[in-house]
>>> print(open('run_9.cif').read())   # mmCIF, C-alpha atoms and all ligand atoms
data_upload
#
loop_
_atom_site.label_atom_id
_atom_site.label_comp_id
_atom_site.auth_asym_id
_atom_site.auth_seq_id
_atom_site.Cartn_x
_atom_site.Cartn_y
_atom_site.Cartn_z
CA MET A 13 -11.54 -5.24 -11.85
CA LYS A 14 -10.59 -2.50 -14.24
CA ILE A 15 -9.28 -3.50 -17.69
CA LYS A 16 -8.61 -0.70 -20.15
CA GLY A 17 -10.63 1.51 -17.80
CA LYS A 18 -13.73 -0.75 -17.95
CA LEU A 19 -15.06 -2.81 -15.04
CA TYR A 20 -15.21 -6.60 -15.43
CA ARG A 21 -15.82 -9.66 -13.36
CA THR A 22 -13.74 -12.72 -14.26
CA ILE A 23 -16.88 -14.80 -14.85
CA TRP A 24 -20.57 -14.05 -15.33
CA MET A 25 -23.71 -15.61 -16.76
CA ASP A 26 -26.10 -14.18 -19.28
CA GLY A 27 -29.21 -16.34 -19.85
CA ASN A 28 -27.79 -19.86 -19.87
CA THR A 29 -24.39 -18.88 -21.29
CA ILE A 30 -21.28 -18.52 -19.13
CA HIS A 31 -18.76 -15.85 -20.08
CA THR A 32 -15.19 -15.69 -18.89
CA ILE A 33 -11.88 -14.04 -19.72
CA GLU A 34 -9.51 -16.37 -21.64
CA GLN A 35 -6.58 -16.24 -19.20
CA ASN A 36 -4.20 -18.31 -21.36
CA LYS A 37 -4.10 -15.43 -23.86
CA LEU A 38 -3.29 -12.68 -21.39
CA PRO A 39 -1.51 -10.31 -21.35
CA GLU A 40 -1.11 -10.20 -25.16
CA GLU A 41 -4.79 -10.65 -26.01
CA PHE A 42 -7.92 -9.79 -24.03
CA GLU A 43 -10.62 -12.19 -25.16
CA ILE A 44 -13.96 -13.07 -23.60
CA ILE A 45 -15.20 -16.55 -24.38
CA SER A 46 -18.73 -17.93 -24.11
CA ILE A 47 -19.39 -21.43 -22.80
CA ASP A 48 -22.60 -23.31 -23.55
CA SER A 49 -21.75 -26.94 -22.80
CA LEU A 50 -20.66 -29.11 -19.90
CA GLU A 51 -17.57 -30.18 -21.87
CA GLY A 52 -16.74 -26.51 -22.41
CA VAL A 53 -17.02 -25.84 -18.67
CA ALA A 54 -14.77 -28.80 -17.79
CA ASN A 55 -12.27 -27.85 -20.49
CA SER A 56 -12.12 -24.24 -19.29
CA ILE A 57 -11.04 -25.43 -15.83
CA SER A 58 -8.62 -28.19 -16.87
CA THR A 59 -6.87 -26.11 -19.55
CA MET A 60 -6.77 -23.10 -17.20
CA ILE A 61 -8.78 -20.72 -19.37
CA ILE A 62 -10.09 -19.94 -15.89
CA ARG A 63 -7.90 -20.66 -12.88
CA GLY A 64 -7.43 -19.58 -9.28
CA ALA A 65 -9.39 -21.24 -6.48
CA PRO A 66 -12.44 -18.96 -6.06
CA ALA A 67 -12.77 -18.49 -9.84
CA ILE A 68 -12.81 -22.26 -10.35
CA GLY A 69 -15.48 -22.50 -7.63
CA ALA A 70 -17.58 -19.94 -9.48
CA MET A 71 -17.17 -21.84 -12.77
CA GLY A 72 -18.21 -25.06 -11.00
CA ALA A 73 -21.33 -23.40 -9.57
CA PHE A 74 -22.36 -21.84 -12.90
CA GLY A 75 -21.42 -24.99 -14.84
CA LEU A 76 -23.60 -27.22 -12.68
CA ALA A 77 -26.52 -24.73 -12.88
CA GLN A 78 -26.14 -24.56 -16.67
CA ALA A 79 -26.16 -28.37 -16.98
CA ILE A 80 -29.29 -28.61 -14.79
CA GLN A 81 -31.14 -26.23 -17.15
CA LYS A 82 -30.56 -28.73 -19.96
CA MET A 83 -32.00 -31.72 -18.09
CA ASP A 84 -35.63 -32.56 -18.97
CA SER A 85 -36.40 -33.60 -15.47
CA PRO A 86 -33.37 -33.30 -13.16
CA THR A 87 -32.80 -36.13 -10.68
CA ALA A 88 -30.32 -36.40 -7.82
CA GLU A 89 -28.41 -39.06 -9.83
CA ASP A 90 -28.15 -36.86 -12.96
CA ILE A 91 -26.95 -33.92 -10.88
CA GLN A 92 -24.43 -36.10 -9.05
CA LYS A 93 -23.00 -37.29 -12.39
CA VAL A 94 -22.36 -33.71 -13.52
CA TYR A 95 -20.96 -32.86 -10.08
CA ASP A 96 -18.50 -35.79 -10.30
CA PHE A 97 -17.45 -34.87 -13.86
CA LEU A 98 -16.67 -31.26 -12.90
CA TYR A 99 -15.10 -32.21 -9.57
CA GLU A 100 -12.45 -34.25 -11.44
CA THR A 101 -11.20 -31.29 -13.49
CA ARG A 102 -8.69 -29.97 -10.93
CA PRO A 103 -7.96 -31.58 -7.58
CA THR A 104 -6.32 -29.02 -5.27
CA ALA A 105 -8.62 -25.97 -5.07
CA TYR A 106 -11.25 -26.67 -2.40
CA ASP A 107 -13.53 -23.93 -3.75
CA LEU A 108 -14.54 -26.16 -6.67
CA GLN A 109 -16.12 -28.65 -4.31
CA HIS A 110 -17.60 -25.79 -2.28
CA GLY A 111 -19.29 -24.22 -5.33
CA LEU A 112 -20.61 -27.57 -6.57
CA ASP A 113 -21.89 -28.55 -3.11
CA PHE A 114 -23.67 -25.22 -2.68
CA VAL A 115 -25.63 -25.47 -5.93
CA MET A 116 -26.38 -29.19 -5.63
CA THR A 117 -27.61 -28.96 -2.03
CA LYS A 118 -29.88 -25.97 -2.74
CA THR A 119 -31.27 -27.50 -5.94
CA LEU A 120 -32.14 -30.78 -4.22
CA THR A 121 -34.35 -29.00 -1.68
CA GLU A 122 -36.99 -28.91 -4.48
CA THR A 123 -38.46 -31.83 -6.44
CA ASP A 124 -40.47 -30.04 -9.10
CA PRO A 125 -38.25 -29.78 -12.26
CA SER A 126 -38.91 -26.13 -13.04
CA SER A 127 -38.38 -25.09 -9.39
CA MET A 128 -35.15 -27.12 -9.33
CA LYS A 129 -33.90 -25.32 -12.43
CA GLN A 130 -34.77 -21.93 -11.04
CA LEU A 131 -33.13 -22.73 -7.71
CA ALA A 132 -29.98 -23.99 -9.46
CA MET A 133 -29.62 -20.69 -11.31
CA GLU A 134 -30.45 -18.51 -8.32
CA SER A 135 -28.12 -20.39 -6.00
CA ALA A 136 -25.22 -20.30 -8.49
CA GLN A 137 -25.64 -16.54 -8.90
CA ALA A 138 -25.90 -16.09 -5.12
CA TYR A 139 -22.73 -18.16 -4.66
CA VAL A 140 -20.80 -16.08 -7.19
CA ASP A 141 -22.01 -12.75 -5.75
CA ALA A 142 -21.12 -13.87 -2.21
CA SER A 143 -17.68 -14.95 -3.43
CA ALA A 144 -17.01 -11.48 -4.89
CA GLU A 145 -18.21 -9.82 -1.69
CA ALA A 146 -15.98 -12.08 0.43
CA CYS A 147 -12.95 -10.93 -1.57
CA ARG A 148 -13.93 -7.28 -1.15
CA LYS A 149 -14.02 -7.78 2.62
CA ILE A 150 -10.66 -9.59 2.52
CA GLY A 151 -9.37 -6.43 0.85
CA GLU A 152 -10.71 -4.26 3.69
CA TYR A 153 -9.23 -6.44 6.45
CA GLY A 154 -5.95 -6.94 4.61
CA ASN A 155 -5.58 -3.21 3.98
CA SER A 156 -5.27 -2.71 7.77
CA LEU A 157 -1.95 -4.62 7.62
CA ILE A 158 -0.42 -2.37 4.96
CA LYS A 159 1.38 0.82 5.95
CA ASN A 160 2.08 3.78 3.70
CA GLY A 161 5.43 3.11 2.01
CA ASP A 162 5.31 -0.70 2.39
CA SER A 163 6.75 -3.09 -0.17
CA LEU A 164 4.91 -6.35 -0.57
CA LEU A 165 5.76 -9.61 -2.26
CA THR A 166 3.27 -11.97 -3.84
CA HIS A 167 3.48 -15.30 -5.63
CA CYS A 168 1.37 -16.57 -8.54
CA ASN A 169 -1.86 -14.70 -9.31
CA ALA A 170 -4.31 -14.27 -6.48
CA GLY A 171 -5.86 -11.23 -8.11
CA ALA A 172 -9.31 -10.51 -9.51
CA LEU A 173 -8.59 -12.96 -12.35
CA ALA A 174 -8.23 -15.79 -9.81
CA THR A 175 -11.57 -14.89 -8.20
CA VAL A 176 -14.91 -13.46 -9.30
CA ASP A 177 -13.60 -9.96 -8.52
CA TYR A 178 -11.09 -8.02 -6.37
CA GLY A 179 -8.78 -11.01 -5.74
CA THR A 180 -7.60 -12.39 -2.44
CA ALA A 181 -3.92 -11.44 -2.00
CA LEU A 182 -4.30 -8.52 -4.40
CA ALA A 183 -7.51 -7.16 -2.82
CA PRO A 184 -5.69 -5.55 0.16
CA MET A 185 -3.14 -4.04 -2.26
CA ARG A 186 -5.95 -2.62 -4.44
CA ILE A 187 -7.66 -1.03 -1.45
CA ALA A 188 -4.40 0.30 0.01
CA HIS A 189 -3.64 1.91 -3.36
CA GLU A 190 -7.19 3.32 -3.68
CA ASN A 191 -6.79 4.80 -0.20
CA GLY A 192 -3.73 6.70 -1.36
CA LYS A 193 -1.08 4.54 0.33
CA ASN A 194 2.22 4.40 -1.45
CA ILE A 195 2.96 0.72 -2.01
CA PHE A 196 5.28 -1.32 -4.18
CA VAL A 197 4.73 -4.95 -5.16
CA TYR A 198 7.42 -7.53 -5.95
CA VAL A 199 5.75 -10.00 -8.31
CA ASP A 200 7.30 -13.49 -8.48
CA GLU A 201 7.19 -14.55 -12.12
CA THR A 202 5.86 -18.00 -11.04
CA ARG A 203 7.26 -20.69 -13.28
CA PRO A 204 6.20 -22.90 -14.91
CA ARG A 205 3.06 -21.12 -16.15
CA LEU A 206 4.14 -17.58 -15.27
CA GLN A 207 0.90 -16.46 -13.62
CA GLY A 208 2.86 -13.74 -11.79
CA ALA A 209 4.54 -12.24 -14.85
CA LYS A 210 1.52 -12.66 -17.11
CA LEU A 211 -1.51 -12.09 -14.87
CA THR A 212 -0.51 -10.36 -11.63
CA ALA A 213 1.70 -7.86 -13.44
CA PHE A 214 -1.15 -7.27 -15.94
CA GLU A 215 -3.66 -6.57 -13.16
CA LEU A 216 -1.31 -4.29 -11.22
CA HIS A 217 -0.45 -2.40 -14.39
CA GLU A 218 -4.13 -1.94 -15.26
CA GLU A 219 -4.77 -0.57 -11.74
CA GLY A 220 -1.68 1.66 -11.82
CA ILE A 221 -0.09 -0.02 -8.79
CA PRO A 222 3.73 0.29 -8.81
CA HIS A 223 5.37 -3.13 -9.15
CA ALA A 224 8.24 -5.12 -10.64
CA VAL A 225 8.37 -8.70 -11.84
CA ILE A 226 11.23 -10.68 -10.33
CA ALA A 227 12.59 -14.11 -11.20
CA ASP A 228 11.26 -16.67 -8.73
CA ASN A 229 14.73 -17.32 -7.39
CA ALA A 230 15.30 -13.59 -6.68
CA ALA A 231 12.74 -13.37 -3.86
CA GLY A 232 15.27 -14.38 -1.18
CA TYR A 233 17.72 -11.74 -2.39
CA PHE A 234 15.17 -8.94 -1.96
CA MET A 235 13.96 -10.27 1.38
CA ALA A 236 17.51 -10.56 2.79
CA ARG A 237 18.23 -6.96 1.75
CA GLY A 238 15.27 -5.79 3.82
CA ASP A 239 13.34 -4.65 0.75
CA VAL A 240 10.16 -6.62 1.53
CA ASP A 241 7.90 -5.62 4.44
CA LEU A 242 5.12 -8.12 3.96
CA VAL A 243 4.38 -11.28 1.97
CA ILE A 244 0.74 -11.88 0.96
CA THR A 245 -0.32 -14.83 -1.20
CA GLY A 246 -3.55 -16.66 -1.92
CA THR A 247 -4.19 -20.35 -1.35
CA ASP A 248 -6.01 -23.23 -3.01
CA ARG A 249 -6.85 -25.13 0.16
CA VAL A 250 -6.36 -24.43 3.85
CA ALA A 251 -6.32 -27.46 6.16
CA ALA A 252 -8.04 -27.33 9.56
CA ASN A 253 -4.66 -26.95 11.35
CA GLY A 254 -3.76 -23.88 9.24
CA ASP A 255 -1.37 -25.56 6.77
CA VAL A 256 -1.98 -24.08 3.30
CA ALA A 257 -1.52 -25.37 -0.23
CA ASN A 258 -0.68 -22.72 -2.79
CA LYS A 259 1.19 -22.40 -6.08
CA ILE A 260 4.46 -24.31 -6.16
CA GLY A 261 7.19 -22.13 -4.66
CA THR A 262 5.04 -20.56 -1.94
CA TYR A 263 6.60 -22.86 0.69
CA GLU A 264 10.14 -21.70 0.01
CA LYS A 265 9.07 -18.03 -0.05
CA ALA A 266 7.41 -18.48 3.37
CA VAL A 267 10.49 -20.18 4.84
CA VAL A 268 12.81 -17.41 3.58
CA ALA A 269 10.39 -14.73 4.83
CA HIS A 270 10.27 -16.41 8.25
CA GLU A 271 14.09 -16.58 8.36
CA ASN A 272 14.19 -12.84 7.64
CA GLY A 273 11.46 -11.89 10.15
CA ILE A 274 8.99 -10.86 7.42
CA PRO A 275 5.29 -11.53 8.16
CA VAL A 276 3.53 -13.95 5.81
CA TYR A 277 -0.21 -13.54 5.34
CA ILE A 278 -2.44 -15.86 3.35
CA ALA A 279 -5.61 -14.31 1.93
CA ALA A 280 -8.51 -16.73 1.51
CA PRO A 281 -12.29 -16.73 1.52
CA ILE A 282 -13.83 -19.29 3.86
CA SER A 283 -14.79 -21.30 0.75
CA THR A 284 -11.08 -22.24 0.51
CA ILE A 285 -10.88 -23.67 4.04
CA ASP A 286 -11.39 -27.41 4.15
CA PHE A 287 -12.38 -28.07 7.76
CA THR A 288 -12.57 -31.81 6.98
CA CYS A 289 -8.88 -31.92 6.06
CA PRO A 290 -6.81 -32.27 9.26
CA THR A 291 -3.38 -31.21 7.95
CA GLY A 292 -1.60 -30.26 4.76
CA ASN A 293 -0.46 -33.88 4.34
CA TYR A 294 -3.98 -34.75 3.21
CA ILE A 295 -4.31 -32.03 0.56
CA PRO A 296 -4.30 -33.54 -2.96
CA ILE A 297 -1.53 -31.97 -5.03
CA GLU A 298 -2.13 -31.66 -8.75
CA GLU A 299 0.65 -32.94 -11.02
CA ARG A 300 0.48 -31.22 -14.42
CA ASP A 301 1.97 -32.00 -17.83
CA GLN A 302 5.79 -32.05 -17.80
CA ASN A 303 5.86 -29.93 -20.96
CA GLU A 304 4.82 -26.91 -18.85
CA VAL A 305 8.30 -27.15 -17.27
CA LEU A 306 10.27 -28.26 -20.32
CA ASP A 307 8.81 -25.47 -22.50
CA ILE A 308 8.26 -21.75 -22.07
CA ASN A 309 5.36 -20.42 -24.14
CA GLY A 310 5.41 -23.57 -26.26
CA LEU A 311 9.13 -23.32 -27.00
CA ARG A 312 11.38 -26.13 -25.71
CA VAL A 313 14.03 -24.71 -23.39
CA ALA A 314 15.11 -27.90 -21.63
CA SER A 315 17.58 -30.31 -23.15
CA LYS A 316 15.87 -32.66 -25.62
CA GLY A 317 15.25 -36.06 -24.07
CA SER A 318 15.10 -34.76 -20.47
CA GLN A 319 12.01 -35.36 -18.38
CA ALA A 320 10.46 -32.96 -15.86
CA PHE A 321 8.40 -33.13 -12.69
CA ASN A 322 5.55 -30.64 -12.41
CA PRO A 323 3.73 -30.51 -9.06
CA ALA A 324 1.44 -27.46 -9.37
CA PHE A 325 1.19 -26.71 -5.63
CA ASP A 326 3.13 -27.12 -2.40
CA VAL A 327 2.12 -27.00 1.25
CA THR A 328 3.34 -24.30 3.63
CA PRO A 329 3.18 -25.51 7.23
CA ALA A 330 1.13 -23.33 9.59
CA LYS A 331 4.24 -22.40 11.61
CA TYR A 332 5.45 -20.16 8.77
CA ILE A 333 2.14 -18.29 8.48
CA THR A 334 1.50 -15.12 10.47
CA GLY A 335 -2.21 -14.91 9.71
CA ILE A 336 -5.01 -15.88 7.36
CA ILE A 337 -7.03 -12.95 6.02
CA THR A 338 -10.67 -13.94 5.52
CA GLU A 339 -13.98 -12.13 5.03
CA GLN A 340 -14.59 -12.58 8.78
CA GLY A 341 -11.29 -11.01 9.82
CA ILE A 342 -7.67 -12.07 10.28
CA PHE A 343 -7.05 -15.34 12.12
CA LYS A 344 -3.88 -17.04 13.34
CA PRO A 345 -3.51 -20.41 11.58
CA GLY A 346 -4.25 -22.18 14.88
CA GLU A 347 -7.48 -20.23 15.39
CA LEU A 348 -9.55 -21.40 12.44
CA ASP A 349 -12.11 -23.01 14.74
CA LYS A 350 -13.24 -19.45 15.62
CA ILE A 351 -14.62 -19.00 12.09
CA ASN A 352 -18.42 -19.14 11.60
CA ARG A 353 -19.28 -21.60 8.83
O1 LIG B 1 -2.72 -23.08 -10.96
P1 LIG B 1 -3.48 -21.84 -10.64
O2 LIG B 1 -3.13 -20.67 -11.50
O3 LIG B 1 -4.97 -22.09 -10.58
O4 LIG B 1 -3.02 -21.49 -9.16
C1 LIG B 1 -3.57 -20.38 -8.52
C2 LIG B 1 -2.98 -20.14 -7.20
O5 LIG B 1 -2.11 -20.84 -6.73
C3 LIG B 1 -3.58 -19.02 -6.40
O6 LIG B 1 -2.63 -18.47 -5.55
C4 LIG B 1 -4.74 -19.56 -5.56
O7 LIG B 1 -5.66 -20.24 -6.36
C5 LIG B 1 -5.43 -18.50 -4.81
S1 LIG B 1 -6.40 -17.55 -5.88
C6 LIG B 1 -7.16 -16.30 -5.13
#
>>> encode(input="run_9.cif", output="structure tokens")
Amino acid sequence: MKIKGKLYRTIWMDGNTIHTIEQNKLPEEFEIISIDSLEGVANSISTMIIRGAPAIGAMGAFGLAQAIQKMDSPTAEDIQKVYDFLYETRPTAYDLQHGLDFVMTKTLTETDPSSMKQLAMESAQAYVDASAEACRKIGEYGNSLIKNGDSLLTHCNAGALATVDYGTALAPMRIAHENGKNIFVYVDETRPRLQGAKLTAFELHEEGIPHAVIADNAAGYFMARGDVDLVITGTDRVAANGDVANKIGTYEKAVVAHENGIPVYIAAPISTIDFTCPTGNYIPIEERDQNEVLDINGLRVASKGSQAFNPAFDVTPAKYITGIITEQGIFKPGELDKINR
């Protein structure tokens, strides 16, 4: 992704240090932080310094590889302990498990400690590179859905910041823009944490893609007026039947789009598809601190003494989804069994 004209990935490793962009400080401050400990890795995921399903998967992969470098003589039990510790940090994004599984499985094909360490590092890097490439391909496939002059709507941040690079929902918009198509993006602000207003708007601005932030509850207004041609969002976990969990509010956007005859596409690398999960009813939904709802930017806006509920994700049933854009092409939600895994 381009930030102030310079190319960045959201996360990378240099020696045994992990570097990532501090997303809680955007858009006001652009800070890169360095992480050298397992606690630092876990904290970066749970406090959302890094967030977005594929980006969390990349942090899991690098975090496990980093921890393995510090073990005198890594054993399956030691690796499993680190895996379990990182797995607990956020429950909904399937990519975290995917990234951890990839590195652990590859590492355990060796028994010699130095080969295990080398394999852990190489597999984590391979996982992260493949994740970036998957998003680039999602961009290519998704671009085929976008016509010159289209207006799109997106929810939350499924941009480069939510992935290693390119984004999922934002990748097709990036490529359409690069190819000279005239597009406009309606960006849902995405309460409670405002990933749309803070992160998606930041990315689109940096890329020069025309856009406007709208209040979450304005999406229906613009859709009913015929101003939105296409909805594209990301997802944290796709169930085998094509139900998808994504940022809270995605469900209602999909229902309103469906009511207005607007296609809804979900952009996701295959690392986000949980083929072991039969339907959306089985997807674990993270419940976050109620202060995220009661406050805005640390300032209490709700009446003192009131409580809040804060589910971070909701499930959109497959019937509201036109297609799922993956690195292998665009599939109907009922066709996921055609994907090569
Ligand atoms: O709570 P977040 O910011 O991690 O939620 C992110 C989303 O809901 C994204 O849409 C999803 O992870 C897809 S990211 C390409």
>>> axis_aligned_box(input="run_9.cif", around="segment 319-334 of chain A", padding_each_side="8 Å", output="JSON")
{"center_x": 6.6, "center_y": -25.2, "center_z": -3.4, "size_x": 26.9, "size_y": 36.2, "size_z": 46.0}
>>> residues_near_ligand(input="run_9.cif", ligand="ligand LIG 1 (chain B)", cutoff="9 Å", atoms="only C-alpha atoms and all ligand atoms", output="number ranges by chain")
A: 57, 60, 62-68, 102, 104-105, 147, 166-175, 179-182, 205-207, 245-249, 257-260, 262, 279-281, 284, 298, 324-325
>>> closest_residue(input="run_9.cif", among="A:Ser163, A:Ser315, A:Asn194, A:Gln340", to="Asp239 of chain A", atoms="all atoms listed in the file")
A:Ser163
>>> closest_residue(input="run_9.cif", among="A:Tyr332, A:Tyr277, A:Tyr95, A:Phe42", to="Ile244 of chain A", atoms="all atoms listed in the file")
A:Tyr277
>>> residues_around(input="run_9.cif", residues="Glu190 of chain A", least_positions_apart="6", cutoff="12 Å", atoms="only C-alpha atoms", output="tab-separated table (two decimals) with C-alpha atoms, in the coordinates of the input")
chain	number	residue	atom	x	y	z
A	151	GLY	CA	-9.37	-6.43	0.85
A	152	GLU	CA	-10.71	-4.26	3.69
A	155	ASN	CA	-5.58	-3.21	3.98
A	160	ASN	CA	2.08	3.78	3.70
A	183	ALA	CA	-7.51	-7.16	-2.82
A	184	PRO	CA	-5.69	-5.55	0.16
A	219	GLU	CA	-4.77	-0.57	-11.74
A	220	GLY	CA	-1.68	1.66	-11.82
A	221	ILE	CA	-0.09	-0.02	-8.79
>>> atom_distance(input="run_9.cif", atom1="atom CA of Ala142 of chain A", atom2="atom CA of Gly69 of chain A")
11.6 Å
>>> residues_around(input="run_9.cif", residues="Gln130 of chain A", least_positions_apart="6", cutoff="9 Å", atoms="only C-alpha atoms", output="PyMOL selection string")
chain A and resi 77+81+119
>>> atom_distance(input="run_9.cif", atom1="atom CA of Asn253 of chain A", atom2="atom CA of Tyr99 of chain A")
24.0 Å
>>> closest_residue(input="run_9.cif", among="A:Gly346, A:Pro275, A:Pro296, A:Pro329", to="Leu157 of chain A", atoms="all atoms listed in the file")
A:Pro275
>>> residues_near_point(input="run_9.cif", point="(9.5, -32.7, -11.1)", cutoff="10 Å", atoms="all atoms listed in the file", output="PDB file with C-alpha atoms, keeping the file's coordinate frame")
ATOM      1  CA  GLU A 299       0.650 -32.940 -11.020  1.00  0.00           C
ATOM      2  CA  ARG A 300       0.480 -31.220 -14.420  1.00  0.00           C
ATOM      3  CA  GLN A 302       5.790 -32.050 -17.800  1.00  0.00           C
ATOM      4  CA  VAL A 305       8.300 -27.150 -17.270  1.00  0.00           C
ATOM      5  CA  GLN A 319      12.010 -35.360 -18.380  1.00  0.00           C
ATOM      6  CA  ALA A 320      10.460 -32.960 -15.860  1.00  0.00           C
ATOM      7  CA  PHE A 321       8.400 -33.130 -12.690  1.00  0.00           C
ATOM      8  CA  ASN A 322       5.550 -30.640 -12.410  1.00  0.00           C
ATOM      9  CA  PRO A 323       3.730 -30.510  -9.060  1.00  0.00           C
ATOM     10  CA  ALA A 324       1.440 -27.460  -9.370  1.00  0.00           C
TER      11      ALA A 324
END
>>> atom_distance(input="run_9.cif", atom1="atom CA of Met235 of chain A", atom2="atom CA of Leu165 of chain A")
9.0 Å
>>> residues_around(input="run_9.cif", residues="segment 89-92 of chain A", least_positions_apart="2", cutoff="8 Å", atoms="all atoms listed in the file", output="list in words")
Leu76, Ile80, Pro86, Thr87, Val94, Tyr95, Asp96 and Met116 of chain A
